[in-house]
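Chemist: Contents of query06.txt (compact mmCIF, C-alpha atoms) are below:
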```txt
# COMPACT_ATOMS: atom_id res chain seq x y z
CA MET L 1 -8.50 -0.65 15.19
CA ILE L 2 -10.72 -1.98 12.43
CA VAL L 3 -9.60 -3.90 9.35
CA PHE L 4 -11.37 -3.50 6.01
CA ASP L 5 -10.85 -5.33 2.75
CA LEU L 6 -10.98 -2.53 0.18
CA SER L 7 -11.05 -2.51 -3.61
CA CYS L 8 -10.45 0.00 -6.37
CA GLY L 9 -12.16 0.41 -9.73
CA GLY L 10 -9.33 -1.62 -11.29
CA GLY L 11 -10.38 -4.69 -9.33
CA HIS L 12 -7.43 -4.70 -6.92
CA VAL L 13 -8.35 -5.87 -3.41
CA PHE L 14 -6.24 -4.93 -0.40
CA GLU L 15 -6.46 -4.80 3.39
CA ALA L 16 -6.34 -1.52 5.32
CA TRP L 17 -6.50 -0.66 9.01
CA PHE L 18 -8.35 2.33 10.46
CA GLY L 19 -9.11 3.64 13.92
CA SER L 20 -12.85 3.46 13.26
CA GLN L 21 -15.51 3.45 10.56
CA ALA L 22 -15.56 7.27 10.82
CA ASP L 23 -11.76 7.40 10.26
CA TYR L 24 -12.13 5.31 7.12
CA ASP L 25 -15.03 7.44 5.83
CA GLY L 26 -13.15 10.69 6.51
CA GLN L 27 -9.89 9.54 4.91
CA ARG L 28 -11.70 8.14 1.87
CA ASP L 29 -13.78 11.32 1.45
CA ARG L 30 -10.60 13.46 1.58
CA GLY L 31 -8.90 11.27 -1.05
CA LEU L 32 -6.31 9.93 1.40
CA VAL L 33 -7.06 6.26 0.73
CA SER L 34 -5.52 4.92 -2.46
CA CYS L 35 -4.91 1.56 -4.08
CA PRO L 36 -1.37 0.34 -3.32
CA VAL L 37 -1.23 -1.37 -6.72
CA CYS L 38 -2.44 1.29 -9.17
CA GLY L 39 -2.81 4.44 -7.04
CA ALA L 40 -6.54 4.83 -7.74
CA ARG L 41 -8.38 6.92 -5.16
CA GLU L 42 -11.86 5.63 -6.01
CA ILE L 43 -12.00 3.09 -3.20
CA GLY L 44 -14.85 1.05 -1.75
CA LYS L 45 -15.25 -1.81 0.67
CA ALA L 46 -14.75 -5.27 -0.79
CA PRO L 47 -16.81 -8.22 0.40
CA MET L 48 -15.15 -9.71 3.47
CA ALA L 49 -15.24 -13.31 4.62
CA PRO L 50 -16.53 -13.67 8.16
CA ARG L 51 -13.95 -14.58 10.75
CA ILE L 52 -15.23 -17.84 12.23
CA ALA L 53 -13.39 -19.62 15.00
CA GLY L 54 -12.11 -22.99 13.86
CA THR L 55 -12.75 -26.38 15.47
CA GLY L 56 -9.08 -27.11 15.88
CA THR L 57 -9.03 -29.62 13.03
CA GLY L 58 -8.11 -27.00 10.45
CA ALA L 59 -10.49 -28.55 7.91
CA GLY L 60 -13.81 -27.21 6.71
CA THR L 61 -13.88 -24.02 8.76
CA GLY L 62 -13.31 -20.37 8.05
CA ALA L 63 -13.00 -18.53 4.78
CA GLY L 64 -11.82 -20.49 1.82
CA ALA L 65 -12.89 -23.89 3.11
CA GLU L 66 -15.21 -24.36 0.14
CA ALA L 67 -12.88 -22.62 -2.30
CA GLY L 68 -12.04 -25.72 -4.32
CA ALA L 69 -8.87 -26.76 -6.09
CA GLY L 70 -6.55 -23.96 -7.17
CA ALA L 71 -8.09 -21.26 -5.00
CA VAL L 72 -6.13 -19.50 -2.25
CA ALA L 73 -7.76 -19.56 1.17
CA THR L 74 -8.17 -16.20 2.90
CA GLY L 75 -5.68 -17.21 5.61
CA ASP L 76 -3.09 -18.14 2.98
CA ALA L 77 -3.63 -14.86 1.12
CA LYS L 78 -3.23 -12.86 4.30
CA ALA L 79 -0.05 -14.78 5.17
CA MET L 80 1.31 -13.94 1.71
CA MET L 81 0.40 -10.28 2.21
CA ARG L 82 2.19 -10.23 5.57
CA ALA L 83 5.29 -11.74 3.94
CA MET L 84 5.17 -9.12 1.18
CA MET L 85 4.81 -6.34 3.75
CA ALA L 86 7.81 -7.71 5.66
CA ALA L 87 9.84 -7.80 2.43
CA GLN L 88 8.88 -4.19 1.68
CA ALA L 89 9.84 -3.12 5.21
CA LYS L 90 13.24 -4.78 4.75
CA MET L 91 13.76 -2.99 1.41
CA LEU L 92 12.84 0.36 2.96
CA SER L 93 15.06 -0.09 6.03
CA GLY L 94 18.05 1.44 4.19
CA SER L 95 16.03 3.85 2.09
CA GLU L 96 15.59 7.61 2.51
CA ASP L 97 12.04 8.95 2.50
CA VAL L 98 12.06 12.05 0.28
CA GLY L 99 8.29 12.49 0.38
CA MET L 100 6.74 14.56 -2.39
CA ARG L 101 10.21 15.39 -3.78
CA PHE L 102 10.52 11.83 -5.10
CA ALA L 103 10.32 12.64 -8.83
CA ALA L 104 12.82 15.50 -8.60
CA GLU L 105 15.24 13.49 -6.42
CA ALA L 106 15.03 10.41 -8.64
CA ARG L 107 15.82 12.55 -11.71
CA ALA L 108 18.72 14.26 -9.93
CA ILE L 109 20.23 10.94 -8.83
CA HIS L 110 19.78 9.48 -12.32
CA ALA L 111 21.47 12.52 -13.90
CA GLY L 112 24.38 12.38 -11.42
CA GLU L 113 23.38 15.73 -9.91
CA ALA L 114 22.62 14.24 -6.48
CA GLU L 115 24.29 11.65 -4.26
CA GLN L 116 23.64 8.05 -5.36
CA ARG L 117 21.35 6.46 -2.74
CA VAL L 118 18.18 4.43 -2.37
CA ILE L 119 15.11 6.62 -1.95
CA HIS L 120 11.35 6.26 -1.68
CA GLY L 121 8.55 8.79 -1.62
CA ARG L 122 5.39 9.89 -3.37
CA ALA L 123 4.82 10.68 -7.03
CA SER L 124 1.69 11.23 -9.06
CA VAL L 125 0.84 8.75 -11.79
CA VAL L 126 1.84 11.39 -14.38
CA GLU L 127 5.23 11.94 -12.67
CA ALA L 128 5.87 8.19 -12.39
CA LYS L 129 5.05 7.60 -16.07
CA ALA L 130 7.36 10.47 -17.07
CA LEU L 131 10.21 9.00 -14.99
CA VAL L 132 9.76 5.60 -16.67
CA ALA L 133 9.56 7.20 -20.13
CA ASP L 134 12.82 9.05 -19.43
CA GLY L 135 14.61 5.84 -18.38
CA VAL L 136 14.78 6.63 -14.66
CA PRO L 137 14.66 3.27 -12.83
CA VAL L 138 11.63 3.40 -10.52
CA ALA L 139 9.12 0.86 -9.29
CA PRO L 140 5.92 1.18 -7.27
CA LEU L 141 5.80 -0.26 -3.78
CA PRO L 142 3.09 -2.86 -3.23
CA PHE L 143 1.87 -1.21 -0.01
CA PRO L 144 1.51 2.40 1.20
CA VAL L 145 4.31 3.65 3.42
CA ARG L 146 3.38 5.03 6.84
CA ASP L 147 4.23 8.72 7.24
CA ALA L 148 6.39 8.74 10.38
CA SER L 149 5.84 12.50 10.83
CA ARG L 150 2.20 11.74 11.68
CA ASP L 151 3.09 9.43 14.60
CA ASN L 152 2.01 10.53 18.06
```
Here is the file; what I need is its structure written in the form of structure tokens.

Modeler:
Amino acid sequence: MIVFDLSCGGGHVFEAWFGSQADYDGQRDRGLVSCPVCGAREIGKAPMAPRIAGTGTGAGTGAGAEAGAGAVATGDAKAMMRAMMAAQAKMLSGSEDVGMRFAAEARAIHAGEAEQRVIHGRASVVEAKALVADGVPVAPLPFPVRDASRDN
């Protein structure tokens, strides 16, 4: 596995894992890589801090050591991201994945035409904006959800 810090045209930076450089290139070229914040599919690699082994003192080594007051060190940011991913996983543990039917299911639940339940899935930006405009309570997830049907 290889980890890349990626960014979208909107300036959002996020971490993503791929099997190889070729996997990343192929997924990006097919439009499968998107920003977890805004959904943009114009993705590129963000500058990454080198991973330097520390001296054991915890001071003055690694990314963020020279960051100055008020900055978040890379290690702290990654710890926050892990905590957010854990929170998302907990939220999704009782949720039904409806895939590409998300917009239709959310509307049906909101209208009382389908069983009341917590769902998650995929919607285009246009569909999501229409749901919000129509008063359907939806919110984007901070991170992409792994498609379990693609597991080995």

Chemist: List the neighbours of range 114-121 of chain L out to 10 Å using all atoms listed in the file; skip same-chain residues closer than 4 positions along the sequence, and give me the result as a ChimeraX atom specification.

Modeler: /L:91-92,94-103,105-110,138-141,144-145,147

Chemist: For range 31-37 of chain L, work out the shell of residues within 8 Å, counting only C-alpha atoms and skipping chain neighbours fewer than 6 positions away, then give it as a PyMOL selection string.

Modeler: chain L and resi 7-8+12+14+43+140-144

Chemist: Mind pulling up the distance from CA of Trp17 in chain L to CA of Val3 in chain L?

Modeler: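 Separation between CA of Val3 in chain L and CA of Trp17 in chain L: 4.5 Å.
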
Chemist: State, in Å with one decimal place, the distance from CA of Ala83 in chain L to CA of Gly9 in chain L.

Modeler: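 Distance reported for this atom pair: 25.3 Å.
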
Chemist: Quick one: pull the distance between CA of Asp134 in chain L and CA of Cys38 in chain L, Å, one decimal.

Modeler: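 Pair CA of Asp134 in chain L / CA of Cys38 in chain L returns 20.0 Å.
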
Chemist: Smallest atom-to-atom distance to Pro47 in chain L: which of L:Ala86, L:Leu6, L:Ala111, L:Val132, using all atoms listed in the file?

Modeler: L:Leu6

Chemist: Ranking L:Met84, L:Ala79, L:Ala130, L:Ala46 by minimum distance to Val13 in chain L and counting only C-alpha atoms, which one comes first?

Modeler: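 Smallest separation from Val13 in chain L among the options: L:Ala46.
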
Chemist: Give the answer as one residue: which of L:Val125, L:Met81, L:Ala133, L:Ala104 has the shortest atom-to-atom distance to Gly39 in chain L, using only C-alpha atoms?

Modeler: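 Among the listed residues, L:Val125 lies closest to Gly39 in chain L.
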
Chemist: Which residues are near Met1 in chain L? Cut-off 12 Å, all atoms listed in the file, ignore same chain within fewer than 5 positions. Put them as an NGL selection string.

Modeler: :L and (16-24)
